[in-house]
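*Asks:* Next comes entry.cif, mmCIF, C-alpha atoms and all ligand atoms:
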```
data_structure
#
loop_
_atom_site.label_atom_id
_atom_site.label_comp_id
_atom_site.auth_asym_id
_atom_site.auth_seq_id
_atom_site.Cartn_x
_atom_site.Cartn_y
_atom_site.Cartn_z
CA MET A 1 86.63 113.12 89.81
CA LYS A 2 85.83 116.22 91.90
CA LEU A 3 87.39 119.65 92.14
CA ILE A 4 88.97 119.07 95.47
CA HIS A 5 90.66 115.99 94.09
CA ARG A 6 91.82 117.20 90.66
CA LEU A 7 90.61 120.81 90.55
CA ARG A 8 89.04 120.25 87.19
CA ASN A 9 85.48 121.23 88.05
CA SER A 10 85.00 124.46 86.12
CA ARG A 11 81.74 125.38 87.87
CA LEU A 12 83.33 125.76 91.28
CA ARG A 13 86.35 127.54 89.82
CA ALA A 14 84.10 130.02 88.04
CA VAL A 15 81.99 130.90 91.09
CA ALA A 16 85.07 131.20 93.25
CA ARG A 17 86.52 133.77 90.86
CA ARG A 18 83.45 136.01 91.20
CA HIS A 19 84.29 136.70 94.83
CA SER A 20 86.60 139.57 95.52
CA PHE A 21 89.65 138.92 97.69
CA ARG A 22 89.30 140.46 101.14
CA ALA A 23 92.37 142.14 102.57
CA MET A 24 93.85 140.51 105.65
CA SER A 25 94.19 142.50 108.82
CA ASP A 26 97.79 142.88 110.00
CA ARG A 27 97.10 140.57 112.95
CA ALA A 28 95.56 137.91 110.75
CA ALA A 29 98.44 138.19 108.27
CA GLU A 30 100.96 137.80 111.06
CA PHE A 31 99.14 134.75 112.40
CA ALA A 32 98.88 133.22 108.92
CA ALA A 33 102.56 133.70 108.22
CA ARG A 34 103.57 131.83 111.35
CA SER A 35 103.70 128.06 111.46
CA VAL A 36 101.76 126.71 114.40
CA LEU A 37 103.61 123.92 116.17
CA PHE A 38 101.70 120.85 117.29
CA CYS A 39 102.84 117.88 119.28
CA LEU A 40 101.34 114.57 118.10
CA PRO A 41 100.27 111.98 120.71
CA GLY A 42 103.59 110.12 120.34
CA GLY A 43 105.63 113.28 120.88
CA GLU A 44 106.47 114.07 117.22
CA ALA A 45 106.43 117.79 116.47
CA VAL A 46 104.83 119.14 113.31
CA ALA A 47 104.51 122.68 112.02
CA VAL A 48 101.24 123.55 110.28
CA ARG A 49 100.67 126.63 108.15
CA PRO A 50 98.67 127.78 105.13
CA ILE A 51 100.26 126.87 101.83
CA ARG A 52 102.39 129.39 99.92
CA PRO A 53 102.74 129.61 96.14
CA ASP A 54 106.41 128.65 96.49
CA ASP A 55 105.34 125.34 98.09
CA ALA A 56 104.37 124.04 94.63
CA GLY A 57 107.54 121.95 94.23
CA ARG A 58 107.36 120.55 97.76
CA LEU A 59 103.71 119.69 97.26
CA GLN A 60 104.45 117.80 94.04
CA GLN A 61 107.25 115.95 95.88
CA HIS A 62 104.81 115.08 98.64
CA PHE A 63 102.29 113.63 96.16
CA ARG A 64 105.03 111.76 94.25
CA GLY A 65 106.34 110.36 97.53
CA LEU A 66 103.00 108.88 98.57
CA SER A 67 102.61 105.15 98.03
CA GLU A 68 100.51 104.19 95.02
CA GLN A 69 97.71 103.17 97.38
CA SER A 70 97.75 106.48 99.27
CA ARG A 71 97.79 108.46 96.02
CA HIS A 72 94.94 106.36 94.71
CA ASN A 73 92.97 107.09 97.87
CA ARG A 74 93.80 110.81 97.84
CA PHE A 75 92.80 111.35 94.20
CA LEU A 76 90.07 108.71 94.01
CA GLY A 77 91.81 106.88 91.20
CA ALA A 78 95.11 106.14 89.50
CA VAL A 79 97.21 109.32 89.47
CA ASN A 80 101.01 109.49 89.36
CA GLU A 81 101.37 113.22 89.74
CA LEU A 82 99.41 116.40 89.20
CA THR A 83 100.00 118.68 86.25
CA PRO A 84 102.00 121.88 86.97
CA ARG A 85 98.77 123.82 86.55
CA GLU A 86 96.93 121.68 89.11
CA ILE A 87 99.81 121.96 91.56
CA ALA A 88 100.00 125.73 91.08
CA ARG A 89 96.26 125.99 91.72
CA LEU A 90 96.55 123.98 94.95
CA ALA A 91 99.49 126.08 96.09
CA ARG A 92 97.46 129.24 95.53
CA MET A 93 94.10 128.50 97.14
CA ASP A 94 93.43 132.18 97.61
CA GLN A 95 89.68 132.61 97.35
CA PRO A 96 87.47 133.24 100.38
CA GLY A 97 86.22 129.96 101.75
CA GLU A 98 89.09 127.88 100.45
CA LEU A 99 92.46 127.02 101.92
CA ALA A 100 95.22 124.45 101.78
CA LEU A 101 97.20 123.68 104.91
CA VAL A 102 100.57 121.98 104.88
CA ALA A 103 102.35 120.21 107.72
CA SER A 104 106.10 119.75 107.89
CA ALA A 105 108.22 117.84 110.30
CA ALA A 106 109.49 120.36 112.80
CA ASP A 107 112.84 118.72 113.49
CA GLY A 108 115.11 121.26 111.85
CA SER A 109 116.06 118.83 109.07
CA GLY A 110 114.53 120.88 106.28
CA ASP A 111 111.11 121.74 105.02
CA ALA A 112 109.74 118.44 103.71
CA LEU A 113 105.97 118.37 103.69
CA VAL A 114 104.54 115.41 105.52
CA ALA A 115 100.85 116.20 105.00
CA GLU A 116 98.41 118.49 103.21
CA ALA A 117 94.74 119.24 103.67
CA VAL A 118 92.49 121.26 101.38
CA HIS A 119 89.00 122.62 101.88
CA VAL A 120 86.59 124.55 99.67
CA ILE A 121 83.29 126.17 100.57
CA ALA A 122 81.53 127.06 97.34
CA PRO A 123 80.13 130.60 97.53
CA GLY A 124 76.57 130.63 98.80
CA SER A 125 76.85 127.04 99.96
CA MET A 126 76.58 125.64 103.49
CA ARG A 127 78.79 122.71 102.54
CA CYS A 128 82.54 122.58 103.00
CA GLU A 129 84.35 119.90 101.01
CA PHE A 130 87.77 118.66 102.06
CA ALA A 131 90.52 116.22 101.13
CA LEU A 132 93.84 115.42 102.78
CA SER A 133 96.87 113.18 102.65
CA VAL A 134 99.63 112.19 105.06
CA THR A 135 103.01 110.81 103.92
CA ASP A 136 102.99 107.04 104.44
CA THR A 137 105.80 107.06 107.01
CA TRP A 138 103.88 109.67 109.02
CA GLN A 139 100.56 107.85 108.96
CA ARG A 140 98.98 106.49 112.12
CA LEU A 141 100.63 109.14 114.31
CA GLY A 142 97.59 111.38 114.74
CA LEU A 143 98.42 113.85 111.96
CA GLY A 144 95.33 113.10 109.86
CA ALA A 145 93.11 113.59 112.91
CA LEU A 146 94.86 116.87 113.71
CA LEU A 147 94.43 118.28 110.20
CA LEU A 148 90.82 117.16 110.06
CA ARG A 149 90.18 118.96 113.36
CA LEU A 150 91.76 122.15 111.98
CA ILE A 151 89.67 121.94 108.79
CA GLU A 152 86.57 121.36 110.89
CA CYS A 153 87.37 124.45 112.96
CA ARG A 154 87.77 126.52 109.79
CA ALA A 155 84.50 125.24 108.38
CA ARG A 156 82.63 126.01 111.62
CA LEU A 157 84.12 129.47 111.97
CA LEU A 158 83.35 130.29 108.34
CA GLY A 159 79.71 129.34 108.91
CA ALA A 160 79.48 126.08 106.98
CA ARG A 161 76.77 123.70 108.16
CA TYR A 162 78.18 120.47 106.72
CA LEU A 163 81.73 119.19 106.31
CA PHE A 164 81.98 116.47 103.73
CA GLY A 165 84.35 114.48 101.59
CA ASP A 166 84.26 111.79 98.95
CA VAL A 167 86.15 108.68 99.93
CA LEU A 168 86.75 105.42 98.09
CA ALA A 169 84.60 102.72 99.64
CA THR A 170 87.78 100.63 100.01
CA ASN A 171 89.61 103.35 102.00
CA THR A 172 89.47 101.80 105.47
CA ALA A 173 91.83 104.34 107.03
CA MET A 174 89.78 107.38 106.05
CA LYS A 175 86.49 105.68 106.93
CA CYS A 176 87.82 104.83 110.41
CA LEU A 177 89.23 108.32 110.90
CA ALA A 178 85.91 109.84 109.77
CA ARG A 179 83.90 107.67 112.18
CA ARG A 180 86.27 108.63 115.00
CA ARG A 181 85.65 112.32 114.21
CA GLY A 182 81.86 111.94 114.22
CA PHE A 183 81.15 111.77 110.48
CA LEU A 184 78.29 109.76 109.03
CA LEU A 185 79.08 107.51 106.08
CA ARG A 186 76.62 107.56 103.19
CA THR A 187 76.48 105.73 99.89
CA PRO A 188 75.85 108.20 97.05
CA VAL A 189 73.77 107.02 94.13
CA THR A 190 76.09 108.55 91.55
CA ASP A 191 79.25 106.45 91.92
CA ALA A 192 79.28 102.99 93.46
CA ARG A 193 83.04 103.21 94.14
CA LEU A 194 82.57 106.08 96.57
CA ILE A 195 81.05 106.86 99.88
CA GLU A 196 80.36 110.35 101.17
CA ILE A 197 81.46 111.20 104.68
CA VAL A 198 79.41 114.02 106.23
CA LYS A 199 79.53 115.83 109.54
CA ASP A 200 76.72 118.13 110.68
CA LEU A 201 78.54 121.06 112.25
CA ALA A 202 75.35 122.26 113.96
CA LEU A 203 75.75 119.37 116.42
CA PRO A 204 77.57 120.31 119.63
CA GLN A 205 81.34 120.40 119.21
CA THR A 206 83.47 117.97 121.15
CA GLY A 207 87.06 118.55 122.22
CA ALA A 208 88.96 121.80 122.56
CA PRO A 209 87.29 124.99 121.25
CA CYS A 210 88.54 126.33 117.93
CA ASP A 211 90.97 129.22 117.82
CA GLU A 212 88.97 131.99 116.14
CA ARG A 213 92.01 133.11 114.19
CA PHE A 214 91.66 129.96 112.06
CA ALA A 215 88.76 131.70 110.33
CA GLN A 216 91.12 134.45 109.17
CA LEU A 217 93.79 132.23 107.67
CA ARG A 218 94.60 133.01 104.07
CA PRO A 219 97.33 131.62 101.85
CA ILE A 220 100.64 133.35 102.39
CA ALA A 221 101.90 135.37 99.44
CA ALA A 222 105.25 134.08 98.20
C1 LIG B 1 93.42 108.68 105.77
C2 LIG B 1 94.67 109.35 106.33
C3 LIG B 1 94.61 110.84 106.01
C4 LIG B 1 94.71 109.14 107.85
O1 LIG B 1 95.80 109.90 108.35
P1 LIG B 1 96.64 109.40 109.60
O2 LIG B 1 97.55 110.50 109.99
O3 LIG B 1 97.27 108.10 109.33
O4 LIG B 1 95.48 109.21 110.67
P2 LIG B 1 95.63 109.27 112.25
O5 LIG B 1 96.96 108.76 112.68
O6 LIG B 1 95.26 110.63 112.70
O7 LIG B 1 94.52 108.23 112.71
C5 LIG B 1 93.43 108.59 113.51
C6 LIG B 1 92.50 107.39 113.61
O8 LIG B 1 92.01 107.04 112.32
C7 LIG B 1 91.89 105.61 112.24
N1 LIG B 1 92.85 105.07 111.25
C8 LIG B 1 93.84 105.75 110.63
N2 LIG B 1 94.48 104.94 109.76
C9 LIG B 1 93.89 103.73 109.86
C10 LIG B 1 94.11 102.48 109.22
N3 LIG B 1 95.08 102.32 108.29
N4 LIG B 1 93.30 101.44 109.54
C11 LIG B 1 92.32 101.59 110.46
N5 LIG B 1 92.08 102.75 111.12
C12 LIG B 1 92.85 103.81 110.80
C13 LIG B 1 92.24 105.08 113.60
O9 LIG B 1 91.05 105.07 114.36
C14 LIG B 1 93.20 106.13 114.10
O10 LIG B 1 93.32 106.17 115.48
P3 LIG B 1 94.36 105.16 116.20
O11 LIG B 1 95.65 105.24 115.45
O12 LIG B 1 94.43 105.74 117.59
O13 LIG B 1 93.73 103.82 116.13
C15 LIG B 1 95.97 108.71 105.73
O14 LIG B 1 95.88 107.32 105.85
C16 LIG B 1 96.21 109.09 104.28
O15 LIG B 1 96.80 110.12 104.00
N6 LIG B 1 95.76 108.23 103.35
C17 LIG B 1 95.98 108.52 101.90
C18 LIG B 1 95.11 109.65 101.40
C19 LIG B 1 93.67 109.48 101.77
O16 LIG B 1 93.15 108.38 101.89
N7 LIG B 1 92.96 110.62 101.94
C20 LIG B 1 91.55 110.58 102.28
C21 LIG B 1 90.66 110.79 101.13
S1 LIG B 1 90.71 112.43 100.55
#
```
Can you dump the structure from the file as C-alpha cells?
Ligand SMILES: CC(C)(COP(=O)(O)OP(=O)(O)OC[C@H]1O[C@@H](n2cnc3c(N)ncnc32)[C@H](O)[C@@H]1OP(=O)(O)O)[C@@H](O)C(=O)NCCC(=O)NCCS
*Replies:*
Amino acid sequence: MKLIHRLRNSRLRAVARRHSFRAMSDRAAEFAARSVLFCLPGGEAVAVRPIRPDDAGRLQQHFRGLSEQSRHNRFLGAVNELTPREIARLARMDQPGELALVASAADGSGDALVAEAVHVIAPGSMRCEFALSVTDTWQRLGLGALLLRLIECRARLLGARYLFGDVLATNTAMKCLARRRGFLLRTPVTDARLIEIVKDLALPQTGAPCDERFAQLRPIAA
C-alpha cells in the first residue's frame, strides 16, 4: 500500500523532511486561508480549502462515514479507519510539493467534510501522485472531477510532468473519471489488483486556465 494511501512509505517521508519549509507571502497566506466556493453542475455549492491540523477529527469522520466499498477503493484495501498518527499526518501535509484539500458543503449547516484530495510530488521528481475520496451521498455530482482538476492545476503549476494515481482495477468510478479527465490507464507489473492512471501534463491543457495562486497554497496553520 502506498504513501498517499496509508502514509507508511518511509522513503518519501524522509526525503520530504529534508526540504525546508518556505514562508508564504502575505497574499498567498490570505488566499490559502479563504475557502474558495464552487458551484457544481447541479447547483450544489461546495467550499474548498487546504486542510488545517484541526481538521483531523473531521477527516477521520469523513473516512469513517464512507461506505465500505468507497473506503476500500480509497485505501486500496480493507481499512476501517486510519490511526491517529496517519490522520494527523494527512491533516498536516506541510512540505513543499504536497497538499491536502478538503471540500465542505457550503450550506451553512456546519463544517462536515464531503470530500478530500491529497497530492505529493516527491522532491526531485517529475511525478505527482494523488488520491481522493467523495462522501457517498455527494458522489456523482461533479465533486471528484472538480477536485481532480484542482490537483491537476497544482501539479502543472508546481512543474510536475506526470500526474498519476494507483487505482483498484475494479474501481469503475475512478477509471471512468480518469478517462474523462484525459488519463491513460496502465497495468503495472507489480500488483495485479491495481492499475496506474497517468496524465502527461506536457500535453495541451483543456478547459479553463489554472489560477496561478493554486501553486502557492500551503496548509493553514491551526
Ligand atoms: C471516484 C470518485 C472520487 C468519483 O467522485 P465523484 O464526485 O462521484 O465523480 P464525479 O461526479 O465528478 O464524476 C465525474 C465523471 O466520472 C465518471 N463516474 C463517476 N462515478 C462513476 C460511476 N460510479 N460509474 C461510472 N462512471 C462514473 C462519470 O463519467 C462522471 O461523469 P457523469 O456523472 O457526468 O457521467 C468517488 O466515486 C469516490 O470517492 N470513490 C471512493 C474513493 C475512490 O475510489 N478514490 C479513488 C482512488 S484514490
*Asks:* To check your reading of the model: which residues sit at most 10 Å from ligand LIG 1 (chain B) when counting all atoms listed in the file? Write the answer as a short mmCIF file (atom, residue, chain, number, x, y, z; two decimals) with C-alpha atoms, in the frame of the given file.
*Replies:*
```cif
data_model
loop_
_atom_site.label_atom_id
_atom_site.label_comp_id
_atom_site.auth_asym_id
_atom_site.auth_seq_id
_atom_site.Cartn_x
_atom_site.Cartn_y
_atom_site.Cartn_z
CA ILE A 4 88.97 119.07 95.47
CA HIS A 5 90.66 115.99 94.09
CA LEU A 40 101.34 114.57 118.10
CA PRO A 41 100.27 111.98 120.71
CA PHE A 63 102.29 113.63 96.16
CA LEU A 66 103.00 108.88 98.57
CA SER A 67 102.61 105.15 98.03
CA GLU A 68 100.51 104.19 95.02
CA GLN A 69 97.71 103.17 97.38
CA SER A 70 97.75 106.48 99.27
CA ARG A 71 97.79 108.46 96.02
CA HIS A 72 94.94 106.36 94.71
CA ASN A 73 92.97 107.09 97.87
CA ARG A 74 93.80 110.81 97.84
CA PHE A 75 92.80 111.35 94.20
CA LEU A 76 90.07 108.71 94.01
CA VAL A 114 104.54 115.41 105.52
CA ALA A 115 100.85 116.20 105.00
CA GLU A 116 98.41 118.49 103.21
CA ALA A 117 94.74 119.24 103.67
CA VAL A 118 92.49 121.26 101.38
CA GLU A 129 84.35 119.90 101.01
CA PHE A 130 87.77 118.66 102.06
CA ALA A 131 90.52 116.22 101.13
CA LEU A 132 93.84 115.42 102.78
CA SER A 133 96.87 113.18 102.65
CA VAL A 134 99.63 112.19 105.06
CA THR A 135 103.01 110.81 103.92
CA ASP A 136 102.99 107.04 104.44
CA THR A 137 105.80 107.06 107.01
CA TRP A 138 103.88 109.67 109.02
CA GLN A 139 100.56 107.85 108.96
CA ARG A 140 98.98 106.49 112.12
CA LEU A 141 100.63 109.14 114.31
CA GLY A 142 97.59 111.38 114.74
CA LEU A 143 98.42 113.85 111.96
CA GLY A 144 95.33 113.10 109.86
CA ALA A 145 93.11 113.59 112.91
CA LEU A 146 94.86 116.87 113.71
CA LEU A 147 94.43 118.28 110.20
CA LEU A 148 90.82 117.16 110.06
CA ARG A 149 90.18 118.96 113.36
CA GLY A 165 84.35 114.48 101.59
CA ASP A 166 84.26 111.79 98.95
CA VAL A 167 86.15 108.68 99.93
CA LEU A 168 86.75 105.42 98.09
CA THR A 170 87.78 100.63 100.01
CA ASN A 171 89.61 103.35 102.00
CA THR A 172 89.47 101.80 105.47
CA ALA A 173 91.83 104.34 107.03
CA MET A 174 89.78 107.38 106.05
CA LYS A 175 86.49 105.68 106.93
CA CYS A 176 87.82 104.83 110.41
CA LEU A 177 89.23 108.32 110.90
CA ALA A 178 85.91 109.84 109.77
CA ARG A 179 83.90 107.67 112.18
CA ARG A 180 86.27 108.63 115.00
CA ARG A 181 85.65 112.32 114.21
CA ILE A 197 81.46 111.20 104.68
#
```
*Asks:* Enter the distance from CA of Cys153 in chain A to CA of Leu113 in chain A, in Å, rounded to one decimal.
*Replies:*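 Computing the Euclidean distance for CA of Cys153 in chain A and CA of Leu113 in chain A yields 21.7 Å.
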*Asks:* Considering all atoms listed in the file, can you say which of A:Ile121, A:Leu150, A:Val46, A:Ile51 comes closest to Ala105 in chain A?
*Replies:*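 Closest residue, counting all atoms listed in the file: A:Val46.
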*Asks:* When you count all atoms listed in the file, which of these residues is closest to Asp94 in chain A: A:Ala106, A:Leu184, A:Ala169, A:Val120?
*Replies:*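 Nearest to Asp94 in chain A: A:Val120.
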*Asks:* Taking all atoms of range 91-101 of chain A that the file lists and extending 6 Å past them on each side, where is the centre of the axis-aligned box and how long are its edges? Answer in Å to one decimal, as JSON.
*Replies:*
```
{"center_x": 92.9, "center_y": 128.5, "center_z": 100.2, "size_x": 25.3, "size_y": 21.6, "size_z": 21.4}
```
*Asks:* With distances taken over all atoms listed in the file, which residue among A:Ala88, A:Met93, A:Leu163, A:Ala56 lies nearest Ala112 in chain A?
*Replies:*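 Nearest to Ala112 in chain A: A:Ala56.
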*Asks:* For a cutoff of 12 Å around the file-coordinate point (81.9, 128.4, 112.6), which residues qualify once you count only C-alpha atoms? I'd like the result as a PyMOL selection string.
*Replies:* chain A and resi 97+126-128+150-163+200-205+209-216
*Asks:* Rounded to one decimal in Å, what is the spacing between CA of Ala45 in chain A and CA of Gly57 in chain A?
*Replies:* 22.7 Å
